[in-house]
Amino acid sequence: MHLTQDLYLAASLMTAGHRLKDVAHEGRRATFVFEDSPALRETVTTYFAGGLALDARALSETVRSLKGAAMAGTPATSR
């Protein structure tokens with residue numbers, strides 16, 4: 001499993017086609033859970049290197065969806 005509390009990384013992973021498995025809650029913090037894979041690790045590396053190109057509108061919609069899931073305690077729909 002790949003875990004992150006970084007909303008924008010999670011949204012980027014979803015927008016890039018990786019499926020969100022769960023949103024775990026620890027107090028006020030949400031942890032986004034993804035299935036780990038070589039492709040996901042490559043996407044994470046590219047994200048942190050600043051080279052990940054994504055559709056801005058799709059990313060914005062995914063951020064909104066994840067914010068709602070983080071607040072409601074339910075998984076966001078995968079894109």
# chains A, B, ... in the order shown; residues from 1 in each chain; ligands from 1

$ residues_around --residues "His2 of chain A" --least-positions-apart "6" --cutoff "10 Å" --atoms "only C-alpha atoms" --output "NGL selection string"
:A and (20-21 or 31-37 or 40-41)

$ select_by_dssp --residues "chain A" --states "alpha helix (DSSP H)" --output "ChimeraX atom specification"
/A:7-15,38-49,56-72

$ select_by_dssp --residues "chain A" --states "strand (DSSP E)" --output "short mmCIF file (atom, residue, chain, number, x, y, z; two decimals) with C-alpha atoms, in the first residue's frame"
data_model
loop_
_atom_site.label_atom_id
_atom_site.label_comp_id
_atom_site.auth_asym_id
_atom_site.auth_seq_id
_atom_site.Cartn_x
_atom_site.Cartn_y
_atom_site.Cartn_z
CA HIS A 2 1.06 3.56 -0.66
CA LEU A 3 -0.14 6.05 1.96
CA THR A 4 -0.10 9.83 1.75
CA LEU A 20 -7.84 5.26 -4.53
CA LYS A 21 -8.41 2.25 -2.26
CA ASP A 22 -9.49 4.03 0.92
CA VAL A 23 -9.45 7.21 2.96
CA ALA A 24 -8.38 6.49 6.55
CA HIS A 25 -9.09 9.05 9.25
CA GLU A 26 -6.89 9.80 12.24
CA ARG A 29 -6.16 14.08 9.36
CA ALA A 30 -7.08 11.99 6.33
CA THR A 31 -4.69 9.43 4.89
CA PHE A 32 -5.22 8.47 1.26
CA VAL A 33 -4.49 4.81 0.52
CA PHE A 34 -3.42 3.55 -2.91
#

$ atom_distance --atom1 "atom CA of Gly68 of chain A" --atom2 "atom CA of Leu7 of chain A"
11.2 Å

$ closest_residue --among "A:Glu61, A:Gly51, A:Leu9, A:His18" --to "Pro38 of chain A" --atoms "only C-alpha atoms"
A:His18

$ closest_residue --among "A:Met14, A:Asp55, A:Arg28, A:Arg19" --to "Ala72 of chain A" --atoms "only C-alpha atoms"
A:Arg28

$ atom_distance --atom1 "atom CA of Ser60 of chain A" --atom2 "atom CA of Glu42 of chain A"
21.7 Å

$ atom_distance --atom1 "atom CA of Tyr8 of chain A" --atom2 "atom CA of Arg64 of chain A"
10.4 Å

$ residues_around --residues "Leu52 of chain A" --least-positions-apart "2" --cutoff "10 Å" --atoms "only C-alpha atoms" --output "PDB file with N, CA and C atoms, in the first residue's frame"
ATOM      1  N   SER A  12      -3.336  14.094  -7.716  1.00  0.00           N
ATOM      2  CA  SER A  12      -2.518  13.878  -8.918  1.00  0.00           C
ATOM      3  C   SER A  12      -2.459  12.407  -9.277  1.00  0.00           C
ATOM      4  N   LEU A  13      -2.307  11.548  -8.272  1.00  0.00           N
ATOM      5  CA  LEU A  13      -2.280  10.109  -8.540  1.00  0.00           C
ATOM      6  C   LEU A  13      -3.603   9.639  -9.144  1.00  0.00           C
ATOM      7  N   ALA A  16      -3.950  10.839 -12.664  1.00  0.00           N
ATOM      8  CA  ALA A  16      -3.054  10.088 -13.545  1.00  0.00           C
ATOM      9  C   ALA A  16      -3.537   8.648 -13.768  1.00  0.00           C
ATOM     10  N   THR A  43       4.970   7.502 -10.952  1.00  0.00           N
ATOM     11  CA  THR A  43       4.152   8.710 -10.947  1.00  0.00           C
ATOM     12  C   THR A  43       4.523   9.604  -9.765  1.00  0.00           C
ATOM     13  N   VAL A  44       4.736   9.013  -8.588  1.00  0.00           N
ATOM     14  CA  VAL A  44       5.139   9.787  -7.403  1.00  0.00           C
ATOM     15  C   VAL A  44       6.481  10.464  -7.650  1.00  0.00           C
ATOM     16  N   THR A  45       7.431   9.730  -8.202  1.00  0.00           N
ATOM     17  CA  THR A  45       8.757  10.294  -8.495  1.00  0.00           C
ATOM     18  C   THR A  45       8.638  11.448  -9.478  1.00  0.00           C
ATOM     19  N   THR A  46       7.857  11.275 -10.521  1.00  0.00           N
ATOM     20  CA  THR A  46       7.668  12.324 -11.522  1.00  0.00           C
ATOM     21  C   THR A  46       6.969  13.530 -10.915  1.00  0.00           C
ATOM     22  N   TYR A  47       5.985  13.297 -10.035  1.00  0.00           N
ATOM     23  CA  TYR A  47       5.278  14.384  -9.344  1.00  0.00           C
ATOM     24  C   TYR A  47       6.272  15.239  -8.554  1.00  0.00           C
ATOM     25  N   PHE A  48       7.105  14.592  -7.733  1.00  0.00           N
ATOM     26  CA  PHE A  48       8.039  15.347  -6.890  1.00  0.00           C
ATOM     27  C   PHE A  48       9.169  15.985  -7.684  1.00  0.00           C
ATOM     28  N   ALA A  49       9.446  15.466  -8.877  1.00  0.00           N
ATOM     29  CA  ALA A  49      10.454  16.070  -9.747  1.00  0.00           C
ATOM     30  C   ALA A  49       9.892  17.249 -10.535  1.00  0.00           C
ATOM     31  N   GLY A  50       8.565  17.442 -10.445  1.00  0.00           N
ATOM     32  CA  GLY A  50       7.941  18.555 -11.146  1.00  0.00           C
ATOM     33  C   GLY A  50       7.633  18.287 -12.600  1.00  0.00           C
ATOM     34  N   LEU A  54      -0.732  17.019 -16.111  1.00  0.00           N
ATOM     35  CA  LEU A  54      -2.100  16.549 -15.949  1.00  0.00           C
ATOM     36  C   LEU A  54      -3.077  17.583 -16.472  1.00  0.00           C
TER      37      LEU A  54
END

$ closest_residue --among "A:Thr62, A:Met71, A:Gln5, A:Ala56" --to "Gly17 of chain A" --atoms "only C-alpha atoms"
A:Thr62
